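These notes concern the structure reproduced below.
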Amino acid sequence: MSTTTSEQKKFGPRQGQKPAGGHVTQVLKTQRNDFWQKGPMLTLLGFGAFVVYVHLRAFMGMDYYAAPYLSPFYSPLVYANPEYYAGSPTFHALLGNLPAGALSFWEQMVAWMPLALPLSPAFFILIFPASFRGTCYYYRKAYYRSLVGSPAGCTVCPIAQGTYQGETKLLLIQNLHRYAMYGAVAFIFILTYDFWLALFMPMTEAGVPWSAGSGDPTSYQFGIGVGSIIMGLNVLFLGGYTFGCHSWRHMVGGRLNRFANGDESSTGITYAIWKASTWLNERHMPLAWISLFWVMFTDLYVWSVCNGWITDYNTWSIATSGQ
């Protein structure tokens with residue numbers, strides 16, 4: 001007959017207790033002799049840098065369109081506001097220009113907010129991919145280890161010394177992941193459309209590439225630029241991460257008891273999709289990080305082109321210079 005010791009009551013059934021095997025019970029102590037701190041530390045630095053960058057760009061509310069490239073942080077562009085950002089493309093916005101008087105209305109109603117907050121379309125967009133990544137099974141493990149040390153690593157005594165409750169109470173919100181996935185999948189198609197538009201330069205009536213203050217374009221010219229390639233790779237990496245998601249893999253086939261329809265040699269399209277998702281799922285961690293930093297790099301590229309910090313080499317410049 002087993003008995004519960006006072007130490008087990010204090011630390012709970014799984015965290016921090018001192019079983020017969022003699023596991024270390026001091027916070028962040030372990031019998032491992034490798035550099036186990038490296039993983040949590042790099043995760044904290046990498047994820048922290050991304051969060052800071054995203055908030056910076058979202059609050060800016062400008063420099064998100066360098067024809068024909070739209071930053072993924074602002075896609076789909078909900079509205080344009082040329083009064084605040086001259087390069088805001090009205091022809092690219094779902095709702096056109098921000099209604100007249102909207103800025104003054106927001107200034108009166110929420111005067112305590114930063115000026116860029118009501119002007120930045122990014123706030124309507126980023127909540128969807130943020131909720132998908134924030135509840136991702138891999139990222140949960142990553143930030144549980146790096147931010148709260150629960151646990152900081154395998155066989156490392158966790159910081160939390162209370163009764164282990166798992167993802168209950170407040171952390172029940174993590175169950176939203178399966179629903180956030182639908183929004184993430186939709187964004188893959190939206191960003192694919194943006195990549196398609198990145199192959200067509202909006203042209204003015206004078207036959208030159210569109211620029212701020214040029215009005216609506218009169219035509220579009222097919223071509224390709226470095227930015228087009230970067231945006232295409234962004235879709236590729238984000239798609240690999242999204243379609244390797246555990247929830248997606250379960251939805252497309254993991255929930256089934258078998259794939260074959262009575263014939264073991266015939267598994268059908270469902271099995272093929274599930275196998276492809278499984279291949280991506282096995283590479284979920286590297287795809288999570290590659291896609292995270294590539295989407296940031298894509299925005300940084302558009303931002304840099306907007307400000308003239310770098311030159312976007314493309315076929316449109318060659319075509320117009322030869323006229």
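Chain lettering (A, B, ...) mirrors the order of the structure tokens, residue numbering begins at 1 for each chain separately, and ligand numbering begins at 1 in order of display.
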Which neighbours of Tyr79 (chain A) fall inside 10 Å, counting only C-alpha atoms, when residues of the same chain fewer than 5 positions from it are skipped, and could you give them as a PyMOL selection string? chain A and resi 74+88-99+119-121
I need the residues from that last selection saved to file as a PDB file, in the first residue's frame (with C-alpha atoms), if you can.
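Saved file part_24.pdb follows:
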ATOM      1  CA  TYR A  74      -0.212  44.088 -43.460  1.00  0.00           C
ATOM      2  CA  SER A  88      -0.525  53.474 -48.916  1.00  0.00           C
ATOM      3  CA  PRO A  89      -2.054  51.853 -52.055  1.00  0.00           C
ATOM      4  CA  THR A  90      -5.784  52.585 -52.277  1.00  0.00           C
ATOM      5  CA  PHE A  91      -6.132  50.181 -55.202  1.00  0.00           C
ATOM      6  CA  HIS A  92      -4.743  47.349 -53.035  1.00  0.00           C
ATOM      7  CA  ALA A  93      -7.001  47.917 -50.000  1.00  0.00           C
ATOM      8  CA  LEU A  94     -10.109  45.835 -49.348  1.00  0.00           C
ATOM      9  CA  LEU A  95     -12.137  48.785 -48.015  1.00  0.00           C
ATOM     10  CA  GLY A  96     -10.437  51.557 -49.961  1.00  0.00           C
ATOM     11  CA  ASN A  97      -9.310  54.663 -48.113  1.00  0.00           C
ATOM     12  CA  LEU A  98      -9.931  55.173 -44.437  1.00  0.00           C
ATOM     13  CA  PRO A  99     -13.236  57.109 -44.214  1.00  0.00           C
ATOM     14  CA  LEU A 119      -4.000  53.993 -38.396  1.00  0.00           C
ATOM     15  CA  SER A 120      -2.150  50.689 -38.655  1.00  0.00           C
ATOM     16  CA  PRO A 121      -4.007  47.956 -40.583  1.00  0.00           C
TER      17      PRO A 121
END
I need the strand (DSSP E or B) residues of region 93-299 of chain A per DSSP on the backbone, written as a count of residues only. 11
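Once Ser291 (chain A) and its same-chain neighbours fewer than 4 positions away are set aside, A:Phe237, A:Leu238, A:Leu287 remain within 6 Å of it when counting only C-alpha atoms.
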Export of the given selection (C-alpha atoms) as a PDB file, in the first residue's frame:
ATOM      1  CA  PHE A 237       8.102  28.314 -45.695  1.00  0.00           C
ATOM      2  CA  LEU A 238       4.844  29.396 -44.062  1.00  0.00           C
ATOM      3  CA  LEU A 287      10.104  25.024 -40.383  1.00  0.00           C
TER       4      LEU A 287
END
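Minimum atom-to-atom distances from A:Pro209, A:Phe243, A:Trp303, A:Tyr220 to Glu282 (chain A) were compared using only C-alpha atoms, and the lowest value belongs to A:Phe243.
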Hey, what's within 12 Å of region 190-192 of chain A if we count only C-alpha atoms and toss same-chain stuff fewer than 4 positions away? As number ranges by chain, please? A: 69-77, 125, 183-186, 196-199, 228-239, 295, 298
File of the preceding selection, C-alpha atoms, as a PDB file, in the first residue's frame:
ATOM      1  CA  TYR A  69       5.365  44.223 -52.796  1.00  0.00           C
ATOM      2  CA  LEU A  70       3.017  44.255 -49.798  1.00  0.00           C
ATOM      3  CA  SER A  71       4.448  43.379 -46.388  1.00  0.00           C
ATOM      4  CA  PRO A  72       2.977  40.129 -45.006  1.00  0.00           C
ATOM      5  CA  PHE A  73       2.395  41.945 -41.688  1.00  0.00           C
ATOM      6  CA  TYR A  74      -0.212  44.088 -43.460  1.00  0.00           C
ATOM      7  CA  SER A  75      -1.782  41.463 -45.693  1.00  0.00           C
ATOM      8  CA  PRO A  76      -4.582  41.539 -46.570  1.00  0.00           C
ATOM      9  CA  LEU A  77      -4.556  45.330 -46.527  1.00  0.00           C
ATOM     10  CA  ILE A 125      -4.200  41.115 -39.304  1.00  0.00           C
ATOM     11  CA  GLY A 183      -7.257  31.237 -40.089  1.00  0.00           C
ATOM     12  CA  ALA A 184      -3.612  30.285 -40.668  1.00  0.00           C
ATOM     13  CA  VAL A 185      -4.548  28.124 -43.655  1.00  0.00           C
ATOM     14  CA  ALA A 186      -6.590  30.995 -45.101  1.00  0.00           C
ATOM     15  CA  TRP A 196       0.997  36.569 -57.611  1.00  0.00           C
ATOM     16  CA  LEU A 197       0.465  40.346 -57.441  1.00  0.00           C
ATOM     17  CA  ALA A 198       4.206  40.753 -56.769  1.00  0.00           C
ATOM     18  CA  LEU A 199       4.772  39.566 -60.346  1.00  0.00           C
ATOM     19  CA  SER A 228       8.996  38.586 -55.742  1.00  0.00           C
ATOM     20  CA  ILE A 229      11.342  35.692 -54.972  1.00  0.00           C
ATOM     21  CA  ILE A 230      11.461  36.597 -51.289  1.00  0.00           C
ATOM     22  CA  MET A 231       7.657  36.712 -51.112  1.00  0.00           C
ATOM     23  CA  GLY A 232       7.412  33.376 -52.924  1.00  0.00           C
ATOM     24  CA  LEU A 233       9.784  31.745 -50.450  1.00  0.00           C
ATOM     25  CA  ASN A 234       7.750  33.267 -47.631  1.00  0.00           C
ATOM     26  CA  VAL A 235       4.660  31.411 -48.860  1.00  0.00           C
ATOM     27  CA  LEU A 236       6.697  28.219 -49.238  1.00  0.00           C
ATOM     28  CA  PHE A 237       8.102  28.314 -45.695  1.00  0.00           C
ATOM     29  CA  LEU A 238       4.844  29.396 -44.062  1.00  0.00           C
ATOM     30  CA  GLY A 239       2.971  26.735 -45.998  1.00  0.00           C
ATOM     31  CA  VAL A 295       8.313  36.449 -42.635  1.00  0.00           C
ATOM     32  CA  THR A 298      10.205  39.725 -45.921  1.00  0.00           C
TER      33      THR A 298
END
I'd like the contact shell of Val305 (chain A) - 12 Å cut-off, only C-alpha atoms, skipping same-chain residues fewer than 6 positions apart - returned as an MDAnalysis selection string. chainID A and resid 63:71 87 225:227 298:299 311:313
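We find CA of Lys169 (chain A) and CA of Tyr139 (chain A) to be spaced 19.3 Å apart.
Checking A:Gly253, A:Trp294, A:Leu172, A:Gly240 one by one against Trp279 (chain A), counting only C-alpha atoms, you find the shortest gap at A:Gly240.
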Using DSSP on the backbone coordinates, identify the residues of region 154-261 of chain A assigned to helix (DSSP H, G or I); present them as JSON, numbers by chain. {"A": [169, 170, 171, 172, 173, 174, 175, 176, 177, 178, 179, 180, 181, 182, 183, 184, 185, 186, 187, 188, 189, 190, 191, 192, 193, 194, 195, 196, 197, 226, 227, 228, 229, 230, 231, 232, 233, 234, 235, 236, 237, 238, 239, 240, 241, 242, 246, 247, 248, 249, 250, 251, 252, 253, 254]}
Let me see the file: selected residues, C-alpha atoms, as a short mmCIF file (atom, residue, chain, number, x, y, z; two decimals), in the first residue's frame.
data_model
loop_
_atom_site.label_atom_id
_atom_site.label_comp_id
_atom_site.auth_asym_id
_atom_site.auth_seq_id
_atom_site.Cartn_x
_atom_site.Cartn_y
_atom_site.Cartn_z
CA LYS A 169 -7.69 26.92 -16.04
CA LEU A 170 -6.18 29.95 -17.86
CA LEU A 171 -4.13 27.73 -20.16
CA LEU A 172 -7.30 26.16 -21.53
CA ILE A 173 -7.01 28.91 -24.13
CA GLN A 174 -4.35 26.75 -25.77
CA ASN A 175 -7.17 24.59 -27.09
CA LEU A 176 -7.95 27.40 -29.53
CA HIS A 177 -5.08 26.12 -31.67
CA ARG A 178 -7.25 23.80 -33.72
CA TYR A 179 -9.52 26.75 -34.58
CA ALA A 180 -6.68 29.23 -35.15
CA MET A 181 -5.40 26.75 -37.72
CA TYR A 182 -8.29 27.58 -40.06
CA GLY A 183 -7.26 31.24 -40.09
CA ALA A 184 -3.61 30.29 -40.67
CA VAL A 185 -4.55 28.12 -43.65
CA ALA A 186 -6.59 31.00 -45.10
CA PHE A 187 -3.57 33.27 -44.80
CA ILE A 188 -1.48 30.90 -46.90
CA PHE A 189 -3.88 31.47 -49.80
CA ILE A 190 -3.94 35.23 -49.14
CA LEU A 191 -0.15 35.43 -49.17
CA THR A 192 -0.06 33.28 -52.30
CA TYR A 193 -2.28 35.89 -53.96
CA ASP A 194 0.12 38.61 -52.77
CA PHE A 195 2.97 36.69 -54.37
CA TRP A 196 1.00 36.57 -57.61
CA LEU A 197 0.47 40.35 -57.44
CA VAL A 226 14.21 40.02 -55.83
CA GLY A 227 11.20 40.94 -53.71
CA SER A 228 9.00 38.59 -55.74
CA ILE A 229 11.34 35.69 -54.97
CA ILE A 230 11.46 36.60 -51.29
CA MET A 231 7.66 36.71 -51.11
CA GLY A 232 7.41 33.38 -52.92
CA LEU A 233 9.78 31.75 -50.45
CA ASN A 234 7.75 33.27 -47.63
CA VAL A 235 4.66 31.41 -48.86
CA LEU A 236 6.70 28.22 -49.24
CA PHE A 237 8.10 28.31 -45.70
CA LEU A 238 4.84 29.40 -44.06
CA GLY A 239 2.97 26.74 -46.00
CA GLY A 240 5.44 24.08 -44.88
CA TYR A 241 5.02 25.13 -41.26
CA THR A 242 1.22 25.42 -41.44
CA HIS A 246 -0.36 18.58 -35.78
CA SER A 247 -3.97 19.78 -35.99
CA TRP A 248 -3.88 19.89 -39.80
CA ARG A 249 -2.34 16.41 -39.92
CA HIS A 250 -5.09 15.10 -37.67
CA MET A 251 -7.81 16.76 -39.72
CA VAL A 252 -6.63 15.43 -43.09
CA GLY A 253 -6.14 11.85 -41.96
CA GLY A 254 -4.96 11.30 -38.41
#
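Separating CA of Tyr85 (chain A) from CA of Ala212 (chain A) is a distance of 9.0 Å.
We find CA of Asn281 (chain A) and CA of Pro40 (chain A) to be spaced 21.5 Å apart.
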